[in-house]
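Beneath this line is the structure, given in structure tokens, with notes to follow.
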Amino acid sequence: MPKNSYHTGRNRHMSHSRGPAPKRAFAKQTIHFSQFIKPARVVEVKPYAPKHQFADFDIHDLLKKNIENKGFVTPSHIQDQAIPHALAGKDVVGIANTGTGKTAAFAIPALHQLLLFEGVKALIIAPTRELAQQIEEEIRSLAKNSGLSGALLIGGASMGAQISELRRKPRIVIGTPGRIKDHVQRELLDLSDFNIVVLDEVDRMLDMGFIGDIRMLLGRLNQQRQSLFFSATMDKKIELLIQSFTNNPITISVKTGETSDNVAQDVVRYAAGENKMEKLHDVLIQTGVSKALVFDDTKRSVERLSKELVSRGFAADSLHGGKTQGQRQRALNRFRKNEVNILVATDVAARGIDVADITHVINYSVPGSYEDYVHRIGRAGRAGKAGHALTFVGS
């Protein structure tokens with residue numbers, strides 16, 4: 001890899017390792033079917049008038065050039081509000097939905113410090129492989145020709161390749177809590193000299209049961225550090241975590257409401273003994289179902305359902321924990337590029353998916369909790385457009 005490029009080992013030696021098992025298993029909540037029925041309420045969001053342009057920020061020239069080459073001119077709301085405070089060295093807590101530009105909001109200030117000061121190292125923690133990979137790709141483009149080195153630590157990729165990257169003493173480490181913890185416990189990664197930490201989608205990480213891992217990792221970082229935490233929601237557990245690991249943080253909230261407000265929600269009823277698959281087939285051939293994310297419970301059921309849809313002539317693929325990271329990324333890319341218009345997924349595998357043009361979310365199986373339901377259907381109805389959510393309910 002040329003020395004004048006930011007680089008990680010993410011493209012090398014992909015393996016069939018599937019990483020750690022899911023962090024939690026629980027019985028499904030009993031949710032009354034009426035909670036799955038709600039008309040869309042498209043909320044008109046007034047355009048945000050930023051106080052800055054990217055050219056106004058006092059950042060390293062190379063970083064400014066790469067931002068300009070990416071065509072970035074006007075920052076989003078979260079970027080406009082968070083970047084100045086982060087550049088000033090403040091701890092920042094950002095409350096914002098997915099798709100609001102959070103990655104650049106923390107990546108630009110972090111990279112600025114990495115470029116200015118040789119002793120700075122940054123740890124970026126994300127809940128899923130997919131989101132960690134998206135962050136890595138964004139940072140790669142922002143740090144082009146910088147000479148900064150990085151490591152991407154996620155399950156489903158070769159431990160050997162990651163160990164090789166860590167031996168090069170990377171200054172940026174991006175990963176999921178479980179895999180980062182694995183390297184720390186093997187004494188392959190010393191976090192004591194990392195002085196910038198980013199937690200992205202804190203609420204999702206806590207939902208997935210990573211609170212213990214996160215506390216352990218944060219406790220091993222340099223005591224003199226800057227903390228940048230981003231979350232779509234804020235509850236008592238998140239507040240306690242923030243209080244424990246930040247210093248007088250600046251809180252910025254740009255959340256405009258639940259994404260699910262833009263989603264028309266209804267149920268598909270089926271009787272015992274009725275062919276549920278035929279019901280799904282009928283839904284998917286309806287006019288207006290142009291891009292659908294279909295949820296089922298287990299990796300086996302997801303794989304089986306995906307193959308059945310393909311056999312019926314649908315352009316479908318699957319996303320679940322039984323696939324390698326390379327297979328998961330290919331499935332997600334095919335869905336993004338509209339090479340397939342139906343993606344069947346489990347909850348865990350789908351976390352971190354940010355695809356703007358999903359028209360329908362279909363709960364082929366009832367979600368484990370109402371919170372999971374809200375997260376599922378929030379993937380439709382993006383960018384001010386009305387989406388649709390259908391939940392299969394047996395009788």
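Labels for the structure tokens follow display order: chains A, B, ..., residues from 1 in each chain, ligands from 1.
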
Find the residues near A:Lys337: any atom within 12 Å, counting only C-alpha atoms, skip ones fewer than 3 places away on the same chain, and give them as a short mmCIF file (atom, residue, chain, number, x, y, z; two decimals) with N, CA and C atoms, in the first residue's frame.
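File produced: around-v8.cif:
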```cif
data_model
loop_
_atom_site.label_atom_id
_atom_site.label_comp_id
_atom_site.auth_asym_id
_atom_site.auth_seq_id
_atom_site.Cartn_x
_atom_site.Cartn_y
_atom_site.Cartn_z
N LYS A 291 -38.85 -1.41 -3.51
CA LYS A 291 -37.65 -1.83 -2.79
C LYS A 291 -38.06 -2.22 -1.38
N ARG A 330 -21.51 -7.85 -0.08
CA ARG A 330 -21.98 -7.98 -1.47
C ARG A 330 -23.50 -7.91 -1.54
N ALA A 331 -24.17 -8.57 -0.59
CA ALA A 331 -25.64 -8.54 -0.58
C ALA A 331 -26.14 -7.11 -0.37
N LEU A 332 -25.51 -6.40 0.55
CA LEU A 332 -25.92 -5.02 0.84
C LEU A 332 -25.66 -4.11 -0.36
N ASN A 333 -24.52 -4.30 -1.01
CA ASN A 333 -24.19 -3.48 -2.19
C ASN A 333 -25.17 -3.75 -3.33
N ARG A 334 -25.54 -5.02 -3.52
CA ARG A 334 -26.52 -5.36 -4.57
C ARG A 334 -27.85 -4.67 -4.30
N VAL A 340 -30.74 -6.16 -6.75
CA VAL A 340 -31.88 -6.88 -6.16
C VAL A 340 -32.77 -5.83 -5.50
N ASN A 341 -34.07 -6.05 -5.50
CA ASN A 341 -34.96 -5.07 -4.87
C ASN A 341 -35.64 -5.61 -3.62
N ILE A 342 -35.25 -6.85 -3.23
CA ILE A 342 -35.76 -7.43 -1.99
C ILE A 342 -34.57 -7.97 -1.20
N VAL A 355 -30.01 2.68 3.77
CA VAL A 355 -30.35 2.71 2.35
C VAL A 355 -31.53 3.65 2.20
N ALA A 356 -31.36 4.70 1.42
CA ALA A 356 -32.31 5.81 1.44
C ALA A 356 -33.64 5.51 0.75
N ASP A 357 -33.68 4.61 -0.21
CA ASP A 357 -34.87 4.49 -1.06
C ASP A 357 -35.71 3.24 -0.80
N ILE A 358 -35.69 2.71 0.43
CA ILE A 358 -36.53 1.57 0.78
C ILE A 358 -37.98 2.06 0.87
#
```

Practice item. Show which residues sit within 6 Å of stretch 262-270 of chain A, as an NGL selection string. Count only C-alpha atoms, and ignore same-chain residues fewer than 4 positions away. Key: :A and (36-42 or 381 or 386-394)

Just the residues within 10 Å of A:Asp347, please, counting only C-alpha atoms, with nothing from its chain fewer than 6 positions along; format it as a short mmCIF file (atom, residue, chain, number, x, y, z; two decimals) with N, CA and C atoms, in the first residue's frame.
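Once everything was written out, this is part_21.cif:
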```cif
data_model
loop_
_atom_site.label_atom_id
_atom_site.label_comp_id
_atom_site.auth_asym_id
_atom_site.auth_seq_id
_atom_site.Cartn_x
_atom_site.Cartn_y
_atom_site.Cartn_z
N PHE A 295 -38.07 -8.85 7.07
CA PHE A 295 -37.45 -9.37 8.29
C PHE A 295 -38.02 -10.74 8.66
N ASP A 296 -37.12 -11.65 9.04
CA ASP A 296 -37.52 -12.92 9.62
C ASP A 296 -36.61 -13.19 10.82
N ASP A 297 -36.96 -14.22 11.61
CA ASP A 297 -36.34 -14.40 12.92
C ASP A 297 -34.91 -14.91 12.91
N THR A 298 -34.65 -15.98 12.15
CA THR A 298 -33.38 -16.68 12.26
C THR A 298 -32.64 -16.71 10.93
N LYS A 299 -31.33 -16.98 11.00
CA LYS A 299 -30.57 -17.03 9.76
C LYS A 299 -31.07 -18.13 8.83
N LEU A 319 -29.39 -11.44 4.15
CA LEU A 319 -28.38 -10.83 5.02
C LEU A 319 -28.58 -11.39 6.42
N HIS A 320 -27.59 -12.18 6.89
CA HIS A 320 -27.70 -12.78 8.22
C HIS A 320 -26.31 -13.13 8.74
N GLY A 321 -26.25 -13.49 10.02
CA GLY A 321 -24.97 -13.74 10.68
C GLY A 321 -24.26 -14.99 10.23
N PRO A 367 -41.58 -8.74 15.34
CA PRO A 367 -40.32 -8.43 16.03
C PRO A 367 -40.37 -8.80 17.51
N GLY A 368 -39.17 -8.90 18.11
CA GLY A 368 -39.08 -9.32 19.50
C GLY A 368 -39.61 -8.32 20.48
N ASP A 372 -37.74 -2.84 18.77
CA ASP A 372 -37.18 -3.43 17.55
C ASP A 372 -38.06 -3.11 16.35
N TYR A 373 -39.38 -3.12 16.57
CA TYR A 373 -40.32 -2.80 15.49
C TYR A 373 -40.08 -1.39 14.97
N HIS A 375 -37.36 0.39 15.16
CA HIS A 375 -36.08 0.45 14.44
C HIS A 375 -36.21 -0.18 13.06
N ARG A 376 -36.95 -1.28 12.95
CA ARG A 376 -37.14 -1.92 11.64
C ARG A 376 -37.81 -0.97 10.66
#
```

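Distance annotation: of A:Phe33, A:Phe117, A:Tyr48, A:Phe229, the residue with the minimal separation from A:Val93 is A:Phe229; atom set is only C-alpha atoms.
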
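Residue nearest A:Ala232, chosen from A:Gly160, A:Pro170, A:Gly119, A:Gly99 and counting only C-alpha atoms: A:Gly99.
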
Exercise for review: Tell me, as a PyMOL selection string, which residues lie within 8 Å of stretch 174-184 of chain A, counting only C-alpha atoms; anything in the same chain fewer than 3 positions away does not count.
Suggested key: chain A and resi 19-20+123-129+132+135-136+150-155+187-191+210+213-214+217

Could those selected residues go to a file with N, CA and C atoms, as a JSON list (two decimals), in the first residue's frame?
```json
[["chain", "number", "residue", "atom", "x", "y", "z"],
["A", 19, "GLY", "N", -17.33, -14.53, 13.87],
["A", 19, "GLY", "CA", -17.31, -13.61, 14.99],
["A", 19, "GLY", "C", -18.09, -14.13, 16.17],
["A", 20, "PRO", "N", -18.24, -13.32, 17.20],
["A", 20, "PRO", "CA", -18.90, -13.76, 18.41],
["A", 20, "PRO", "C", -20.38, -13.94, 18.22],
["A", 123, "LEU", "N", -10.01, 6.00, 18.48],
["A", 123, "LEU", "CA", -10.76, 4.75, 18.50],
["A", 123, "LEU", "C", -12.21, 5.07, 18.17],
["A", 124, "ILE", "N", -12.76, 4.39, 17.16],
["A", 124, "ILE", "CA", -14.14, 4.60, 16.72],
["A", 124, "ILE", "C", -14.89, 3.28, 16.85],
["A", 125, "ILE", "N", -15.94, 3.28, 17.67],
["A", 125, "ILE", "CA", -16.68, 2.05, 17.96],
["A", 125, "ILE", "C", -18.09, 2.17, 17.39],
["A", 126, "ALA", "N", -18.51, 1.15, 16.65],
["A", 126, "ALA", "CA", -19.83, 1.10, 16.03],
["A", 126, "ALA", "C", -20.50, -0.22, 16.38],
["A", 127, "PRO", "N", -21.83, -0.29, 16.35],
["A", 127, "PRO", "CA", -22.51, -1.52, 16.79],
["A", 127, "PRO", "C", -22.40, -2.70, 15.85],
["A", 128, "THR", "N", -22.25, -2.46, 14.55],
["A", 128, "THR", "CA", -22.28, -3.56, 13.58],
["A", 128, "THR", "C", -21.12, -3.49, 12.62],
["A", 129, "ARG", "N", -20.84, -4.64, 11.99],
["A", 129, "ARG", "CA", -19.79, -4.71, 10.97],
["A", 129, "ARG", "C", -20.07, -3.73, 9.84],
["A", 132, "ALA", "N", -19.44, -0.11, 10.82],
["A", 132, "ALA", "CA", -18.00, 0.10, 10.97],
["A", 132, "ALA", "C", -17.34, 0.21, 9.60],
["A", 135, "ILE", "N", -18.16, 3.59, 8.01],
["A", 135, "ILE", "CA", -17.34, 4.64, 8.63],
["A", 135, "ILE", "C", -15.92, 4.60, 8.07],
["A", 136, "GLU", "N", -15.37, 3.39, 7.97],
["A", 136, "GLU", "CA", -14.01, 3.25, 7.45],
["A", 136, "GLU", "C", -13.89, 3.80, 6.03],
["A", 150, "GLY", "N", -4.62, 2.82, 9.47],
["A", 150, "GLY", "CA", -5.76, 2.42, 10.29],
["A", 150, "GLY", "C", -5.94, 0.92, 10.32],
["A", 151, "ALA", "N", -6.79, 0.48, 11.23],
["A", 151, "ALA", "CA", -7.16, -0.93, 11.32],
["A", 151, "ALA", "C", -8.66, -1.02, 11.49],
["A", 152, "LEU", "N", -9.27, -1.97, 10.77],
["A", 152, "LEU", "CA", -10.70, -2.22, 10.87],
["A", 152, "LEU", "C", -10.89, -3.55, 11.58],
["A", 153, "LEU", "N", -11.46, -3.53, 12.77],
["A", 153, "LEU", "CA", -11.57, -4.71, 13.62],
["A", 153, "LEU", "C", -13.02, -5.14, 13.73],
["A", 154, "ILE", "N", -13.42, -6.09, 12.88],
["A", 154, "ILE", "CA", -14.80, -6.56, 12.85],
["A", 154, "ILE", "C", -14.81, -8.08, 12.74],
["A", 155, "GLY", "N", -15.90, -8.69, 13.18],
["A", 155, "GLY", "CA", -16.07, -10.12, 12.99],
["A", 155, "GLY", "C", -16.28, -10.45, 11.52],
["A", 187, "GLU", "N", -3.98, -8.81, 24.35],
["A", 187, "GLU", "CA", -2.87, -7.87, 24.52],
["A", 187, "GLU", "C", -2.23, -7.51, 23.18],
["A", 188, "LEU", "N", -3.07, -7.47, 22.15],
["A", 188, "LEU", "CA", -2.61, -7.05, 20.83],
["A", 188, "LEU", "C", -2.91, -5.57, 20.58],
["A", 189, "LEU", "N", -3.78, -5.01, 21.40],
["A", 189, "LEU", "CA", -4.17, -3.60, 21.26],
["A", 189, "LEU", "C", -4.13, -2.94, 22.63],
["A", 190, "ASP", "N", -3.28, -1.92, 22.77],
["A", 190, "ASP", "CA", -3.16, -1.15, 24.00],
["A", 190, "ASP", "C", -3.89, 0.17, 23.80],
["A", 191, "LEU", "N", -4.97, 0.38, 24.54],
["A", 191, "LEU", "CA", -5.80, 1.57, 24.36],
["A", 191, "LEU", "C", -5.33, 2.75, 25.21],
["A", 210, "PHE", "N", -24.01, -4.55, 24.62],
["A", 210, "PHE", "CA", -22.57, -4.28, 24.63],
["A", 210, "PHE", "C", -22.14, -3.36, 25.78],
["A", 213, "ASP", "N", -18.91, -4.41, 27.59],
["A", 213, "ASP", "CA", -17.73, -4.29, 26.72],
["A", 213, "ASP", "C", -17.33, -2.83, 26.54],
["A", 214, "ILE", "N", -18.32, -1.97, 26.34],
["A", 214, "ILE", "CA", -18.04, -0.55, 26.12],
["A", 214, "ILE", "C", -17.40, 0.07, 27.36],
["A", 217, "LEU", "N", -13.79, -1.03, 27.56],
["A", 217, "LEU", "CA", -12.93, -0.38, 26.57],
["A", 217, "LEU", "C", -12.69, 1.08, 26.94]]
```

Review point. Quick one: of A:Leu284, A:Met234, A:Ile211, A:Val173, who's nearest to A:Ser149, counting only C-alpha atoms?
Key: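 Of the candidates, the smallest distance to A:Ser149 is held by A:Val173.
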
Point to revise | Å distance separating atom CA of A:Asn97 from atom CA of A:Arg379, one decimal place | key: 10.8 Å

Check your understanding: Residues of stretch 135-179 of chain A in strand (DSSP E) according to DSSP, as a ChimeraX atom specification?
Key -> /A:150-153,172-175

Exercise for review: Mind checking which residues fall within 8 Å of A:Gln79, counting only C-alpha atoms, ignoring those fewer than 4 positions away in the same chain, and posting them as number ranges by chain?
Suggested key: A: 75, 83, 101-102, 104-105

Exercise for review: From the DSSP assignment of the backbone, select every residue of stretch 45-231 of chain A that is helix (DSSP H, G or I), and format the answer as a ChimeraX atom specification.
Suggested key: /A:54-56,61-69,77-87,102-116,129-142,159-167,177-185,191-193,202-207,211-219

Exercise for review: Quick one: pull the distance between atom CA of A:Arg225 and atom CA of A:Lys65, Å, one decimal.
Suggested key: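 One can read the atom CA of A:Arg225 to atom CA of A:Lys65 distance as 27.1 Å.
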
Practice item. Enter the distance from atom CA of A:Leu114 to atom CA of A:Ala143, in Å, rounded to one decimal. Key: 9.9 Å

Practice item. Between A:Met277, A:Phe194, A:Thr233, A:Leu241, single out the one closest to A:Gly212, counting only C-alpha atoms. Key: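 Distance minimum relative to A:Gly212 lands on A:Leu241.
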